[in-house]
Amino acid sequence: MIKVLLLFFYILLYGHPHCFIEVYPKIDTKNNLIQNISFRWEIDEMTSTALMTEIDTNQNGIIDKKENNYIKNNYFLTLKENHFYTYIKNNKKEIPYTIKFFQAKYKNNKVNYIFSIKTKTPIPIKNLNIYFYDKDFFVAMILKQEFLEKNSLFEIKDYDGDYCFGYILKGK
Amino acid sequence: MESSILKYLSTWQYQLNMFISKTIRDINDENSITLSFTILGIAFLYGLIHAAGPGHGKAVVALYFGDGKKRDYKEALKMGYLISIIHTISALIVTFGLFFIIKTFFYKNFHSTYNDILKISSIMIVLVGLYIIYEAYKTKKTKETLNIKKNKSKFLVALSIGIVPCPGVMTIVLFSVMLKHYILAIFSAIFMSLGMGLTISIVGILSVLFSKKTDKFIKTKGIILQMLSGILIIVLGIFLFVGGLK
C-alpha cells in the first residue's frame, strides 16, 4: 500500500507539458570545432496565439522592435533560471554560455524565437552534447532529425530525465 | 520506463495539440459542423491523455480512496467527474475573465492568477488532510466502526483539486475565443473535461479496488491507514504550496 501511495505521490510531483517548442538548431563548425550555435524555437500555435494577445499591442500581426524588446525582457531572458531549457556539455562537463542575439518573429501563426549563444571556449564537435528539456516538464522541447541540416555532423538521442523527457543533440 | 511513458504522453499531446489548432483554424461556414464534432472528439481524447500525465489531483484522489474507508466505485466515478467539472468551470471563468476584462497582458495575468489559485488549492488540500486525520482520531476515540460520512469531505476534496484551472483547457478555450468560436470554446472545454474526468475516475476506481483487496488489513489497521492517508495529503498540499512560491 505504502509503495502504491508513494508512486502516486511521486507522479504528482512532476508536471506535464502545456506548451510545445520545436527546436531548430544551427551549428557552424570549423576545423572540427564549434564556432557558433544558434537556435530557432517554434512555439505551438495555441501558446503563440495566447502570447500574441499580449505582445502584439498594435495588433498588426508583426512583432516590431518595441514588442520584440518586451518579449525579450519579459519572456525570454526570464528563462535564464530554467537554463533556457538548454544545457551545453563538453563531454560531461556543463559549459556556461551567454545569449548573443535575440529576435522574435510571428510566422505561419506561430511565434518564433531566434537566438544565438556563445561559449567561452570552442568545443570539439565530437564532445558536444546539448540537452533540451524543462525539468518541470511544463514545456516540452521537441527535436527531430529532420530539424537538422542535411549531412549534419550531429545526431539526436532521447533524454530520460527523472521527472521529464527531452532530447540530446550529440556530435558524431 | 517512466520516461518512455512521458515520451508517449508528450508526443501524443503535441500531435493532438497541433491537430486541434489546425482544425479550429480551418473551420468555415461550409464545414463548421463536421469539423466542430471532430474537434470535440479530439478534445475528449486530449483530456483523457492530458489527465493521464502527472498532476490533476490523481494522487489526492488515490490517497482519499485508498484510506480504507471510502470503498465505493460510484463514489470514485462521481469524484473524478466532480473534479473535472470544477476544473473546467474554473478554467472557463479565468480565461473569459482575463480575456474580456483585462484583455491585454493575458499571459502574464494568467501565470499570476494560476499561481494564486494554486496556493489556495494547496491550502485546501492541507485542510482535507487535517479533516481526514480528525475523522480517524474521532473514530478511534468513539470506537465506531468504519462507516463514514462520505459526502462531508468529498466536495472539499473535489473543490481543492478542481479549483486550479487546467492550463491545457485554458489554452484551447483562449485559442477558440481568439478565432471567435465562442460556443466551440465552451464545448471543447466540456469535452476535454469529460476525458479528464474519466482518467481521474479510473485512478479513484483502481484505488477502491486496491482497498477492497486489502480488506482484512483495513479492518484491523484501517485507522492507521486513514491517518497515513491524511498525512500524505497534507505533505502533498505543502509541496504544491512551496512549488507555487517559486
# chains A, B, ... in the order shown; residues from 1 in each chain; ligands from 1
>>> residues_around(residues="Lys126 (chain A)", least_positions_apart="4", cutoff="9 Å", atoms="only C-alpha atoms", output="list of chain:residue names")
A:Asn32, A:Leu33, A:Asn90, A:Asn91, A:Leu153, A:Phe154, A:Lys170, A:Gly171, A:Lys172
>>> atom_distance(atom1="CA of Pro165 (chain B)", atom2="CA of Ser90 (chain B)")
5.1 Å
>>> closest_atom_pairs(of="region 2-115 of chain A", to="region 14-29 of chain B", cutoff="7 Å", atoms="only C-alpha atoms", output="CSV")
residue,atom,partner,partner_atom,distance
A:Phe20,CA,B:Tyr14,CA,6.5
A:Glu45,CA,B:Ser21,CA,6.5
A:Met46,CA,B:Ser21,CA,6.5
>>> closest_residue(among="A:Ile71, A:Tyr113, A:Ile21, A:Glu94", to="Tyr133 (chain A)", atoms="only C-alpha atoms")
A:Ile21
>>> closest_residue(among="B:Ile205, B:Leu77, B:Val235, B:Ile125", to="chain A", atoms="only C-alpha atoms")
B:Val235
>>> residues_around(residues="His87 (chain B)", least_positions_apart="5", cutoff="8 Å", atoms="only C-alpha atoms", output="list in words")
Ile161, Gly162, Ile163, Val164, Pro165, Cys166 and Ser193 of chain B
>>> atom_distance(atom1="CA of Ile37 (chain A)", atom2="CA of Ile125 (chain A)")
11.6 Å
>>> atom_distance(atom1="CA of Leu82 (chain B)", atom2="CA of Ile120 (chain B)")
18.2 Å
>>> residues_around(residues="Lys92 (chain A)", least_positions_apart="2", cutoff="10 Å", atoms="only C-alpha atoms", output="tab-separated table (two decimals) with C-alpha atoms, in the first residue's frame")
chain	number	residue	atom	x	y	z
A	88	ILE	CA	25.53	22.51	-23.14
A	89	LYS	CA	28.11	19.93	-22.19
A	90	ASN	CA	31.68	19.39	-23.33
A	94	GLU	CA	28.45	21.60	-18.26
A	95	ILE	CA	29.59	24.70	-20.12
A	127	ASN	CA	32.50	16.26	-27.41
A	128	LEU	CA	29.38	18.39	-27.84
A	129	ASN	CA	26.20	17.31	-26.09
>>> select_by_dssp(residues="region 19-67 of chain A", states="strand (DSSP E)", output="list in words")
Cys19, Phe20, Ile21, Glu22, Val23, Tyr24, Pro25, Lys26, Ile27, Asp28, Thr29, Lys30, Leu33, Ile34, Gln35, Asn36, Ile37, Ser38, Phe39, Arg40, Trp41, Glu42 and Ile43 of chain A
>>> write_last_selection(atoms="N, CA and C atoms", output="CSV table (one decimal), in the first residue's frame")
chain,number,residue,atom,x,y,z
A,19,CYS,N,2.9,23.5,-23.1
A,19,CYS,CA,3.5,24.3,-24.2
A,19,CYS,C,4.5,23.4,-25.0
A,20,PHE,N,4.5,23.5,-26.3
A,20,PHE,CA,5.4,22.6,-27.1
A,20,PHE,C,6.3,23.5,-27.9
A,21,ILE,N,7.6,23.3,-27.8
A,21,ILE,CA,8.5,24.1,-28.6
A,21,ILE,C,9.3,23.2,-29.5
A,22,GLU,N,9.2,23.5,-30.8
A,22,GLU,CA,10.1,22.8,-31.8
A,22,GLU,C,11.4,23.5,-31.8
A,23,VAL,N,12.5,22.8,-31.7
A,23,VAL,CA,13.9,23.4,-31.7
A,23,VAL,C,14.6,23.1,-33.0
A,24,TYR,N,15.0,24.2,-33.7
A,24,TYR,CA,15.7,24.0,-34.9
A,24,TYR,C,17.1,24.6,-34.7
A,25,PRO,N,18.1,23.7,-34.5
A,25,PRO,CA,19.5,24.2,-34.2
A,25,PRO,C,20.3,24.5,-35.5
A,26,LYS,N,21.2,25.4,-35.4
A,26,LYS,CA,22.1,25.7,-36.5
A,26,LYS,C,23.5,25.8,-35.9
A,27,ILE,N,24.4,24.9,-36.2
A,27,ILE,CA,25.7,24.9,-35.6
A,27,ILE,C,26.8,25.0,-36.7
A,28,ASP,N,27.5,26.1,-36.6
A,28,ASP,CA,28.6,26.3,-37.5
A,28,ASP,C,29.9,25.7,-36.9
A,29,THR,N,30.7,25.0,-37.8
A,29,THR,CA,31.9,24.4,-37.3
A,29,THR,C,33.1,24.8,-38.2
A,30,LYS,N,34.2,24.7,-37.7
A,30,LYS,CA,35.5,24.9,-38.4
A,30,LYS,C,36.6,24.1,-37.8
A,33,LEU,N,35.8,22.1,-34.7
A,33,LEU,CA,35.4,22.9,-33.5
A,33,LEU,C,34.1,23.6,-33.8
A,34,ILE,N,33.3,23.8,-32.7
A,34,ILE,CA,32.1,24.5,-32.8
A,34,ILE,C,32.4,26.0,-32.8
A,35,GLN,N,31.9,26.7,-33.8
A,35,GLN,CA,32.2,28.1,-33.9
A,35,GLN,C,31.0,29.0,-33.4
A,36,ASN,N,29.9,28.5,-33.8
A,36,ASN,CA,28.7,29.3,-33.5
A,36,ASN,C,27.5,28.4,-33.3
A,37,ILE,N,26.7,28.7,-32.3
A,37,ILE,CA,25.5,27.9,-32.1
A,37,ILE,C,24.3,28.8,-32.1
A,38,SER,N,23.3,28.6,-32.9
A,38,SER,CA,22.1,29.4,-32.9
A,38,SER,C,20.8,28.5,-33.0
A,39,PHE,N,19.7,29.0,-32.5
A,39,PHE,CA,18.5,28.2,-32.5
A,39,PHE,C,17.3,29.0,-33.0
A,40,ARG,N,16.4,28.3,-33.5
A,40,ARG,CA,15.1,28.9,-33.8
A,40,ARG,C,14.1,28.0,-33.0
A,41,TRP,N,13.4,28.6,-32.1
A,41,TRP,CA,12.3,27.9,-31.4
A,41,TRP,C,11.0,28.2,-32.1
A,42,GLU,N,10.2,27.2,-32.4
A,42,GLU,CA,8.9,27.5,-33.0
A,42,GLU,C,7.9,27.0,-31.9
A,43,ILE,N,7.2,28.0,-31.4
A,43,ILE,CA,6.2,27.8,-30.3
A,43,ILE,C,4.9,27.3,-30.8
